[in-house]
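Enquirer: Let me begin by handing over the structure; questions about it come next.
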Amino acid sequence: MKVTAKEITEALLERLWANYLQRVSYARVYQLLITEKGGQVVNDHIAFRTLNTHTGEQPEGINAIRHILSCLQYVSVQKYDFKKKKLKAIHFEHPDPMLPKIFVSQLEVEELPDWAQQAIKQTVKETPYLLSDSSIELLATLKEKGELPRLAGEALVHNLVQYFCRPWDIPKKDDVLKLNDISQYAAWVMLHGNSVNHFTAFINYQQVDELPDLESTCNSLAAAGVPMKEVLEGEKGSKLRQSATQAVKEEVEVKGDDGIEKINWTYAYYELAERGKVIENGKEKLFSGFLGEQARHLFDMTRTREN
């Protein structure tokens with residue numbers, strides 16, 4: 001029996017979502033809120049962060065994620081440039097519009113001060129490639145033929161899930177703290193690597209009459225005790241409106257002067273997006289892109305102020 005590329009993609013996304021739910025309690029609150037009211041949870045997009053520098057055996061920057069997405073039928077749609085944050089990004093879409101978009105960003109490490117570049121490069125320079133040789137072959141076959149034997153597909157999904165973690169060694173505490181002062185993005189990636197940065201609720205499809213829009217959904221989450229972003233991004237009726245929970249914190253390991261220590265650091269928030277309609281090629285459809293200024297504000301949701 002065979003499984004298609006789409007089925008493999010869906011299985012991977014389900015596993016990543018399950019892992020994310022275990023780590024991000026606010027997403028679990030949203031899921032319960034929607035399902036208890038008879039609605040459905042549909043994710044608009046998933047975000048990943050990367051470092052555009054030599055990362056051992058792993059591809060650099062956006063390519064660390066793109067080379068997998070290209071075998072799962074995702075195609076790049078639009079590029080973004082966040083000059084002040086020294087970030088570039090691409091968003092990818094699947095032929096099935098109900099599968100989440102993928103937003104992948106990269107930090108332009110060469111634009112950081114020399115000491116910051118060296119701290120990052122020393123940490124990631126011997127990064128192992130977490131995909132096995134057999135998985136690389138399976139991805140190539142999947143890209144060419146669009147399907148795999150079921151057991152091979154299951155093995156591939158298992159290995160792909162393991163790829164989305166921090167692939168390099170535990171970073172130094174001093175490096176993380178200093179990097180956080182100039183780029184909270186850099187500090188986050190040093191600690192979390194290829195891990196999912198966030199999932200995003202697709203408000204348009206949650207199908208709860210009493211929660212018809214972004215405001216009502218955010219208000220319900222706040223009433224359920226979830227700390228929310230104070231300001232909604234985007235005007236009512238615009239083509240994209242976004243908000244988010246605050247980011248959860250986790251205990252993470254770092255290398256201190258006397259060995260391995262644990263410190264509290266932000267991991268992920270749960271974003272919420274409501275999309276408006278636009279006319280494209282003479283047809284009305286939901287806007288599928290991203291707006292640079294709004295995205296820039298949401299990058300800051302993982303800022304750690306107290307270390």
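Naming works like this for the structure tokens: A, B, ... for the chains as they're shown, residue 1 at the start of each chain, ligands 1 onward in shown order.
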Contacts of A:Leu87 at 12 Å or less, counting only C-alpha atoms, minus same-chain residues fewer than 3 places along, as a ChimeraX atom specification?

Expert: /A:49-52,61-62,79-84,90,104-112,183-186,292,295-296,299

Enquirer: Considering only strand (DSSP E) as DSSP defines it on the backbone, what residues of stretch 33-252 of chain A qualify? List them as a ChimeraX atom specification.

Expert: /A:43-51,75-82,87-93,101-107,147-149,198-202,240-244,249-252

Enquirer: Just want the 7 Å neighbourhood of stretch 168-176 of chain A, counted on only C-alpha atoms, with same-chain residues fewer than 6 positions away dropped. Output as a count of residues only.

Expert: 11

Enquirer: Set the distance at 9 Å and use only C-alpha atoms: which residues neighbour stretch 195-210 of chain A once local chain neighbours fewer than 3 positions away are removed? I'd like the list as a PyMOL selection string.

Expert: chain A and resi 16-17+20+27+30+34-35+37-49+100+163-166+189+192+213-214+216-217+244+267-276+302

Enquirer: Could you dump the residues just selected with N, CA and C atoms as a CSV table (one decimal), in the first residue's frame?

Expert:
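See again-v1.csv below for the written result:
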```csv
chain,number,residue,atom,x,y,z
A,16,LEU,N,3.9,17.4,14.5
A,16,LEU,CA,4.5,18.7,15.0
A,16,LEU,C,3.5,19.4,15.9
A,17,TRP,N,2.2,19.4,15.5
A,17,TRP,CA,1.2,20.1,16.2
A,17,TRP,C,1.0,19.4,17.6
A,20,TYR,N,3.9,20.5,19.8
A,20,TYR,CA,3.7,21.9,20.1
A,20,TYR,C,2.7,22.0,21.2
A,27,ALA,N,-2.1,27.2,23.6
A,27,ALA,CA,-2.7,26.6,22.4
A,27,ALA,C,-3.7,25.5,22.8
A,30,TYR,N,-6.9,27.2,23.6
A,30,TYR,CA,-7.6,27.6,22.4
A,30,TYR,C,-8.3,26.4,21.8
A,34,ILE,N,-12.5,26.1,21.4
A,34,ILE,CA,-13.1,25.9,20.1
A,34,ILE,C,-13.9,24.6,20.0
A,35,THR,N,-13.3,23.5,20.4
A,35,THR,CA,-13.9,22.2,20.2
A,35,THR,C,-15.1,22.0,21.1
A,37,LYS,N,-17.2,24.2,21.8
A,37,LYS,CA,-18.3,25.0,21.2
A,37,LYS,C,-18.6,24.4,19.9
A,38,GLY,N,-18.1,23.2,19.5
A,38,GLY,CA,-18.5,22.6,18.3
A,38,GLY,C,-17.7,23.0,17.1
A,39,GLY,N,-16.7,23.8,17.3
A,39,GLY,CA,-15.9,24.3,16.2
A,39,GLY,C,-14.8,23.4,15.8
A,40,GLN,N,-13.9,23.9,14.9
A,40,GLN,CA,-12.8,23.1,14.5
A,40,GLN,C,-11.5,24.0,14.5
A,41,VAL,N,-10.4,23.3,14.8
A,41,VAL,CA,-9.1,24.0,14.9
A,41,VAL,C,-8.4,23.8,13.5
A,42,VAL,N,-8.2,24.9,12.8
A,42,VAL,CA,-7.5,24.9,11.6
A,42,VAL,C,-6.3,25.9,11.7
A,43,ASN,N,-5.1,25.5,11.4
A,43,ASN,CA,-4.0,26.4,11.5
A,43,ASN,C,-3.7,27.1,10.2
A,44,ASP,N,-3.5,28.4,10.3
A,44,ASP,CA,-3.2,29.3,9.1
A,44,ASP,C,-1.8,29.1,8.7
A,45,HIS,N,-0.8,29.1,9.6
A,45,HIS,CA,0.5,29.0,9.2
A,45,HIS,C,1.4,28.5,10.4
A,46,ILE,N,2.6,28.0,10.0
A,46,ILE,CA,3.6,27.5,11.0
A,46,ILE,C,4.8,28.3,10.7
A,47,ALA,N,5.6,28.7,11.7
A,47,ALA,CA,6.8,29.5,11.5
A,47,ALA,C,8.0,28.8,12.1
A,48,PHE,N,9.1,29.0,11.4
A,48,PHE,CA,10.4,28.4,11.8
A,48,PHE,C,11.4,29.5,11.7
A,49,ARG,N,12.5,29.5,12.5
A,49,ARG,CA,13.6,30.4,12.5
A,49,ARG,C,14.9,29.7,12.2
A,100,PRO,N,-1.6,24.3,6.3
A,100,PRO,CA,-1.0,25.6,6.7
A,100,PRO,C,0.1,26.1,5.8
A,163,TYR,N,13.9,15.9,13.3
A,163,TYR,CA,14.7,17.0,12.7
A,163,TYR,C,14.4,18.4,13.3
A,164,PHE,N,13.1,18.5,13.7
A,164,PHE,CA,12.7,19.8,14.2
A,164,PHE,C,12.9,20.0,15.7
A,165,CYS,N,14.2,20.1,16.0
A,165,CYS,CA,14.6,20.3,17.4
A,165,CYS,C,15.9,21.2,17.3
A,166,ARG,N,16.6,21.4,18.4
A,166,ARG,CA,17.9,22.1,18.4
A,166,ARG,C,18.9,21.1,18.0
A,189,VAL,N,17.1,31.2,18.7
A,189,VAL,CA,17.5,30.1,17.8
A,189,VAL,C,18.6,29.4,18.4
A,192,HIS,N,16.7,27.0,20.7
A,192,HIS,CA,15.6,26.2,20.2
A,192,HIS,C,15.9,25.6,18.8
A,213,ASP,N,-14.9,36.5,15.0
A,213,ASP,CA,-13.8,37.3,14.5
A,213,ASP,C,-12.6,37.2,15.5
A,214,LEU,N,-11.6,38.0,15.2
A,214,LEU,CA,-10.4,38.0,16.0
A,214,LEU,C,-10.6,38.6,17.4
A,216,SER,N,-13.4,38.8,19.3
A,216,SER,CA,-14.2,37.9,20.2
A,216,SER,C,-13.4,36.7,20.6
A,217,THR,N,-12.5,36.2,19.7
A,217,THR,CA,-11.7,35.0,20.1
A,217,THR,C,-10.6,35.4,21.1
A,244,ALA,N,-1.8,37.4,19.2
A,244,ALA,CA,-1.1,36.2,19.8
A,244,ALA,C,-1.3,36.2,21.3
A,267,TYR,N,9.7,30.1,24.9
A,267,TYR,CA,9.7,29.2,23.8
A,267,TYR,C,8.8,29.7,22.7
A,268,ALA,N,7.5,29.6,22.9
A,268,ALA,CA,6.6,29.9,21.8
A,268,ALA,C,5.3,30.5,22.3
A,269,TYR,N,4.7,31.3,21.4
A,269,TYR,CA,3.3,31.8,21.6
A,269,TYR,C,2.4,31.1,20.6
A,270,TYR,N,1.1,31.3,20.7
A,270,TYR,CA,0.1,30.8,19.8
A,270,TYR,C,-0.5,32.1,19.1
A,271,GLU,N,-0.3,32.1,17.8
A,271,GLU,CA,-0.8,33.3,17.0
A,271,GLU,C,-2.2,33.0,16.6
A,272,LEU,N,-2.9,34.1,16.3
A,272,LEU,CA,-4.3,34.0,15.7
A,272,LEU,C,-4.3,35.0,14.5
A,273,ALA,N,-4.9,34.5,13.4
A,273,ALA,CA,-4.9,35.3,12.2
A,273,ALA,C,-6.3,35.3,11.6
A,274,GLU,N,-6.8,36.4,11.2
A,274,GLU,CA,-8.1,36.5,10.5
A,274,GLU,C,-7.8,37.2,9.1
A,275,ARG,N,-8.2,36.5,8.1
A,275,ARG,CA,-7.9,37.0,6.7
A,275,ARG,C,-9.1,37.6,6.0
A,276,GLY,N,-8.9,38.7,5.4
A,276,GLY,CA,-9.9,39.4,4.6
A,276,GLY,C,-9.8,39.0,3.1
A,302,THR,N,8.6,36.7,21.3
A,302,THR,CA,9.4,35.8,22.0
A,302,THR,C,10.5,36.5,22.8
```

Enquirer: Would you list, as a ChimeraX atom specification, the residues of stretch 83-123 of chain A that end up in alpha helix (DSSP H) under DSSP run on this structure's backbone?

Expert: /A:114-123

Enquirer: So, counting only C-alpha atoms, which residue among A:Pro128, A:Leu177, A:Lys121, A:Val161 is closest to A:Ile263?

Expert: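 Among the listed residues, the smallest separation from A:Ile263 belongs to A:Leu177.
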
Enquirer: Hey, can you check how far atom CA of A:Pro149 sits from atom CA of A:Asp96?

Expert: 22.0 Å
